[in-house]
Amino acid sequence: MKHKDYYDDDYILDISQRILSVMPDFDVENFSLSLVGQLYDKELFARFDCIVDAMQKSMIGDYSENIRAFFHMLGPELTQSEGMFQFGWWLWPVGRYVERYGNENWSLSLSFLKELTKRFTGEYAIRPLLKEHPKEVMDELIQWTKDENVHVRRLASEGVRIRLPWSQKLLVALNEFERYTIILTNLKDDPERFVQKSVGNNLNDLYKEAPQKTDFIIAQWKKGPQSKAQEWIIKHGMRNQ
C-alpha cells in the first residue's frame with residue numbers, strides 16, 4: 001500500500017472520533033462530510049493539507065487551545081527505537097497542523113513535538129519553528145540531545161538536517177553553526193543506531209553545502225576518544241565522498 005492510501009475514508013472517520021474524544025465541541029459532521037470521498041485523486045501531502053484545512057474549520061478553539069487538547073490524544077509512547085514508521089501514521093496530519101500553524105505559539109508547539117516524536121516523527125513540523133526562531137529552538141534541541149528518550153534525541157538531529165527528504169532546504173545548520181555543532185557533537189557517541197544514522201545523514205547533507213565545515217566537525221571529534229558509534233557516523237556521513 002502506498003503511504004497516501006492510508007489516509008482514506010476509514011481514516012477520516014477514525015481521526016474524527018479521536019479528535020472528538022479530546023475536543024467535545026469539534027464539528028465531526030462538517031469535518032467528515034468535507035473529506036469523505038474527496039481524497040482519492042490526491043497525493044500524500046495534498047491529502048494532509050485537505051485534512052488540516054478541514055480540522056481548522058471544524059475546531060472552535062485557537063491554535064494554543066487545540067494543541068493543548070491534542071496532548072491528550074497522543075496515546076502511549078513507543079517502547080523502543082523501532083516502530084515510529086509502523087504505528088504512528090495516524091498522527092502525521094496532526095504534525096502537519098503544527099507544521100502549518102506552529103509559530104502561532106512556537107514554545108508550546110516545541111513542547112508538543114517533544115511528545116509527538118515519542119509516537120511519530122516531528123521532523124517536518126519542527127522546521128518552520130527553526131526557521132523563525134533558530135536560536136531559541138536550537139538551544140532547546142541541545143537539551144534534547146541529553147534526553148533519555150531515543151526519539152527525542154533523534155529529532156534533535158533529524159530536524160536540523162539541511163536536505164531532509166520531502167522538505168524544503170533548511171540552512172539553520174550554516175547560520176547557527178556553533179549550536180548545530182554542539183547538537184551533533186552531543187550525539188556522536190549515541191548508542192542507538194536510529195540516532196547515529198540521523199547524525200551521519202546530517203554530516204552527509206552538510207558536506208554537500210559546506211565541506212570545510214564538515215571537515216571541521218570531524219577534526220574536532222578526532223581530537224578526543226573514538227567510539228564505535230562515532231566511527232560508524234563518520235563513515236555513514238562520508239559515504240558519498
# chains A, B, ... in the order shown; residues from 1 in each chain; ligands from 1
>>> residues_around(residues="Asp14 (chain A)", least_positions_apart="4", cutoff="12 Å", atoms="only C-alpha atoms", output="short mmCIF file (atom, residue, chain, number, x, y, z; two decimals) with C-alpha atoms, in the first residue's frame")
data_model
loop_
_atom_site.label_atom_id
_atom_site.label_comp_id
_atom_site.auth_asym_id
_atom_site.auth_seq_id
_atom_site.Cartn_x
_atom_site.Cartn_y
_atom_site.Cartn_z
CA TYR A 6 -3.56 5.02 4.41
CA TYR A 7 -5.41 8.34 4.55
CA ASP A 8 -8.73 7.13 3.16
CA ASP A 9 -12.36 7.43 4.24
CA ASP A 10 -11.90 4.97 7.10
CA ARG A 18 -10.09 10.68 18.13
CA ILE A 19 -10.29 14.47 17.91
CA LEU A 20 -13.82 14.48 19.33
CA SER A 21 -12.62 12.48 22.32
CA VAL A 28 -17.40 15.97 13.41
CA PHE A 31 -15.10 17.54 9.15
CA SER A 32 -16.22 14.19 7.80
CA VAL A 36 -15.11 11.52 2.80
CA TRP A 90 -2.44 8.33 12.04
CA LEU A 91 -0.59 11.23 13.67
#
>>> select_by_dssp(residues="region 12-134 of chain A", states="helix (DSSP H, G or I)", output="ChimeraX atom specification")
/A:12-22,28-33,44-58,63-71,84-87,89-116,127-132,134
>>> closest_residue(among="A:Met1, A:Ala46, A:Ala229, A:Met138", to="Asn175 (chain A)", atoms="only C-alpha atoms")
A:Met138
>>> closest_residue(among="A:Asn204, A:Glu43, A:Leu13, A:Gln212", to="Arg239 (chain A)", atoms="only C-alpha atoms")
A:Asn204
>>> closest_residue(among="A:Pro191, A:Gly122, A:Pro134, A:Gly200", to="Val172 (chain A)", atoms="only C-alpha atoms")
A:Pro134
>>> atom_distance(atom1="CA of His3 (chain A)", atom2="CA of Gly95 (chain A)")
15.5 Å
>>> residues_around(residues="Val160 (chain A)", least_positions_apart="5", cutoff="10 Å", atoms="only C-alpha atoms", output="PyMOL selection string")
chain A and resi 123-124+126-127+130-131+134+138+141+155+169-173+180+183-184+198-199+202
>>> residues_around(residues="Ala69 (chain A)", least_positions_apart="3", cutoff="8 Å", atoms="only C-alpha atoms", output="ChimeraX atom specification")
/A:22-23,65-66,72-73
>>> write_last_selection(atoms="all heavy atoms", output="PDB file, in the first residue's frame")
ATOM      1  N   VAL A  22     -11.110  14.378  22.617  1.00  0.00           N
ATOM      2  CA  VAL A  22     -10.362  15.362  23.415  1.00  0.00           C
ATOM      3  C   VAL A  22     -10.882  16.780  23.193  1.00  0.00           C
ATOM      4  O   VAL A  22     -10.401  17.728  23.824  1.00  0.00           O
ATOM      5  CB  VAL A  22      -8.848  15.313  23.086  1.00  0.00           C
ATOM      6  CG1 VAL A  22      -8.290  13.930  23.409  1.00  0.00           C
ATOM      7  CG2 VAL A  22      -8.575  15.668  21.626  1.00  0.00           C
ATOM      8  N   MET A  23     -11.848  16.920  22.287  1.00  0.00           N
ATOM      9  CA  MET A  23     -12.356  18.238  21.918  1.00  0.00           C
ATOM     10  C   MET A  23     -13.875  18.125  21.718  1.00  0.00           C
ATOM     11  O   MET A  23     -14.355  17.954  20.597  1.00  0.00           O
ATOM     12  CB  MET A  23     -11.653  18.682  20.631  1.00  0.00           C
ATOM     13  CG  MET A  23     -11.622  20.162  20.361  1.00  0.00           C
ATOM     14  SD  MET A  23     -10.661  20.492  18.841  1.00  0.00           S
ATOM     15  CE  MET A  23      -8.993  20.055  19.333  1.00  0.00           C
ATOM     16  N   GLU A  65      -5.221  26.444  22.228  1.00  0.00           N
ATOM     17  CA  GLU A  65      -6.239  25.582  22.838  1.00  0.00           C
ATOM     18  C   GLU A  65      -6.285  24.230  22.140  1.00  0.00           C
ATOM     19  O   GLU A  65      -6.392  23.180  22.796  1.00  0.00           O
ATOM     20  CB  GLU A  65      -7.612  26.260  22.748  1.00  0.00           C
ATOM     21  CG  GLU A  65      -7.789  27.470  23.637  1.00  0.00           C
ATOM     22  CD  GLU A  65      -9.127  28.142  23.404  1.00  0.00           C
ATOM     23  OE1 GLU A  65      -9.355  28.653  22.283  1.00  0.00           O
ATOM     24  OE2 GLU A  65      -9.943  28.146  24.346  1.00  0.00           O
ATOM     25  N   ASN A  66      -6.195  24.244  20.825  1.00  0.00           N
ATOM     26  CA  ASN A  66      -6.256  23.000  20.063  1.00  0.00           C
ATOM     27  C   ASN A  66      -5.062  22.105  20.371  1.00  0.00           C
ATOM     28  O   ASN A  66      -5.215  20.890  20.536  1.00  0.00           O
ATOM     29  CB  ASN A  66      -6.323  23.303  18.566  1.00  0.00           C
ATOM     30  CG  ASN A  66      -7.592  24.039  18.187  1.00  0.00           C
ATOM     31  OD1 ASN A  66      -8.603  23.961  18.896  1.00  0.00           O
ATOM     32  ND2 ASN A  66      -7.558  24.763  17.076  1.00  0.00           N
ATOM     33  N   HIS A  72      -3.614  15.301  24.765  1.00  0.00           N
ATOM     34  CA  HIS A  72      -4.374  14.209  25.387  1.00  0.00           C
ATOM     35  C   HIS A  72      -4.790  13.135  24.391  1.00  0.00           C
ATOM     36  O   HIS A  72      -5.372  12.118  24.784  1.00  0.00           O
ATOM     37  CB  HIS A  72      -5.610  14.780  26.088  1.00  0.00           C
ATOM     38  CG  HIS A  72      -5.295  15.799  27.136  1.00  0.00           C
ATOM     39  ND1 HIS A  72      -4.686  15.472  28.338  1.00  0.00           N
ATOM     40  CD2 HIS A  72      -5.467  17.146  27.152  1.00  0.00           C
ATOM     41  CE1 HIS A  72      -4.517  16.567  29.058  1.00  0.00           C
ATOM     42  NE2 HIS A  72      -4.971  17.594  28.360  1.00  0.00           N
ATOM     43  N   MET A  73      -4.504  13.339  23.123  1.00  0.00           N
ATOM     44  CA  MET A  73      -4.909  12.410  22.069  1.00  0.00           C
ATOM     45  C   MET A  73      -3.776  11.485  21.645  1.00  0.00           C
ATOM     46  O   MET A  73      -3.994  10.522  20.898  1.00  0.00           O
ATOM     47  CB  MET A  73      -5.400  13.229  20.855  1.00  0.00           C
ATOM     48  CG  MET A  73      -6.073  12.422  19.774  1.00  0.00           C
ATOM     49  SD  MET A  73      -6.780  13.486  18.483  1.00  0.00           S
ATOM     50  CE  MET A  73      -5.288  14.088  17.676  1.00  0.00           C
TER      51      MET A  73
END
>>> decode(residues="region 164-228 of chain A", atoms="C-alpha atoms", output="compact mmCIF listing (two decimals), in the first residue's frame")
# COMPACT_ATOMS: atom_id res chain seq x y z
CA LEU A 164 15.60 16.42 4.77
CA PRO A 165 13.70 14.34 2.18
CA TRP A 166 10.24 15.69 1.27
CA SER A 167 11.10 19.05 2.81
CA GLN A 168 12.47 22.38 1.66
CA LYS A 169 16.16 23.01 2.25
CA LEU A 170 16.86 24.48 5.70
CA LEU A 171 20.13 26.34 6.28
CA VAL A 172 19.95 26.75 10.05
CA ALA A 173 22.96 24.41 10.25
CA LEU A 174 25.07 27.03 8.49
CA ASN A 175 23.53 30.11 10.07
CA GLU A 176 23.76 28.74 13.61
CA PHE A 177 26.82 26.58 13.09
CA GLU A 178 28.06 26.73 16.68
CA ARG A 179 24.75 25.45 18.04
CA TYR A 180 24.50 22.92 15.24
CA THR A 181 27.96 21.58 16.05
CA ILE A 182 27.01 21.18 19.72
CA ILE A 183 23.91 19.17 18.74
CA LEU A 184 25.88 16.74 16.56
CA THR A 185 28.78 16.53 19.00
CA ASN A 186 26.47 15.67 21.89
CA LEU A 187 25.12 12.78 19.81
CA LYS A 188 28.34 11.49 18.23
CA ASP A 189 28.60 8.61 20.71
CA ASP A 190 24.90 7.81 20.97
CA PRO A 191 24.36 4.07 21.48
CA GLU A 192 21.24 3.88 19.26
CA ARG A 193 21.72 3.27 15.53
CA PHE A 194 18.48 5.22 14.91
CA VAL A 195 20.23 8.34 16.23
CA GLN A 196 23.59 7.52 14.67
CA LYS A 197 22.02 7.32 11.22
CA SER A 198 20.46 10.76 11.65
CA VAL A 199 23.77 12.33 12.73
CA GLY A 200 25.54 10.67 9.80
CA ASN A 201 22.90 11.99 7.41
CA ASN A 202 23.47 15.46 8.84
CA LEU A 203 27.17 15.21 8.00
CA ASN A 204 26.31 13.98 4.52
CA ASP A 205 23.93 16.90 3.94
CA LEU A 206 26.42 19.39 5.34
CA TYR A 207 29.23 18.11 3.13
CA LYS A 208 27.17 18.91 0.02
CA GLU A 209 26.79 22.54 1.17
CA ALA A 210 29.96 23.31 3.11
CA PRO A 211 32.55 20.52 3.09
CA GLN A 212 35.03 22.59 5.10
CA LYS A 213 32.51 22.80 7.95
CA THR A 214 32.04 19.03 7.86
CA ASP A 215 35.80 18.54 7.99
CA PHE A 216 35.97 20.94 10.95
CA ILE A 217 33.41 18.95 12.95
CA ILE A 218 35.10 15.62 12.25
CA ALA A 219 38.53 17.03 13.08
CA GLN A 220 37.22 18.30 16.43
CA TRP A 221 35.77 14.89 17.22
CA LYS A 222 39.02 13.11 16.38
CA LYS A 223 40.86 15.15 19.00
CA GLY A 224 39.05 13.13 21.66
CA PRO A 225 38.39 9.44 22.31
CA GLN A 226 37.00 7.46 19.39
CA SER A 227 33.94 5.25 19.83
CA LYS A 228 32.37 2.64 17.55
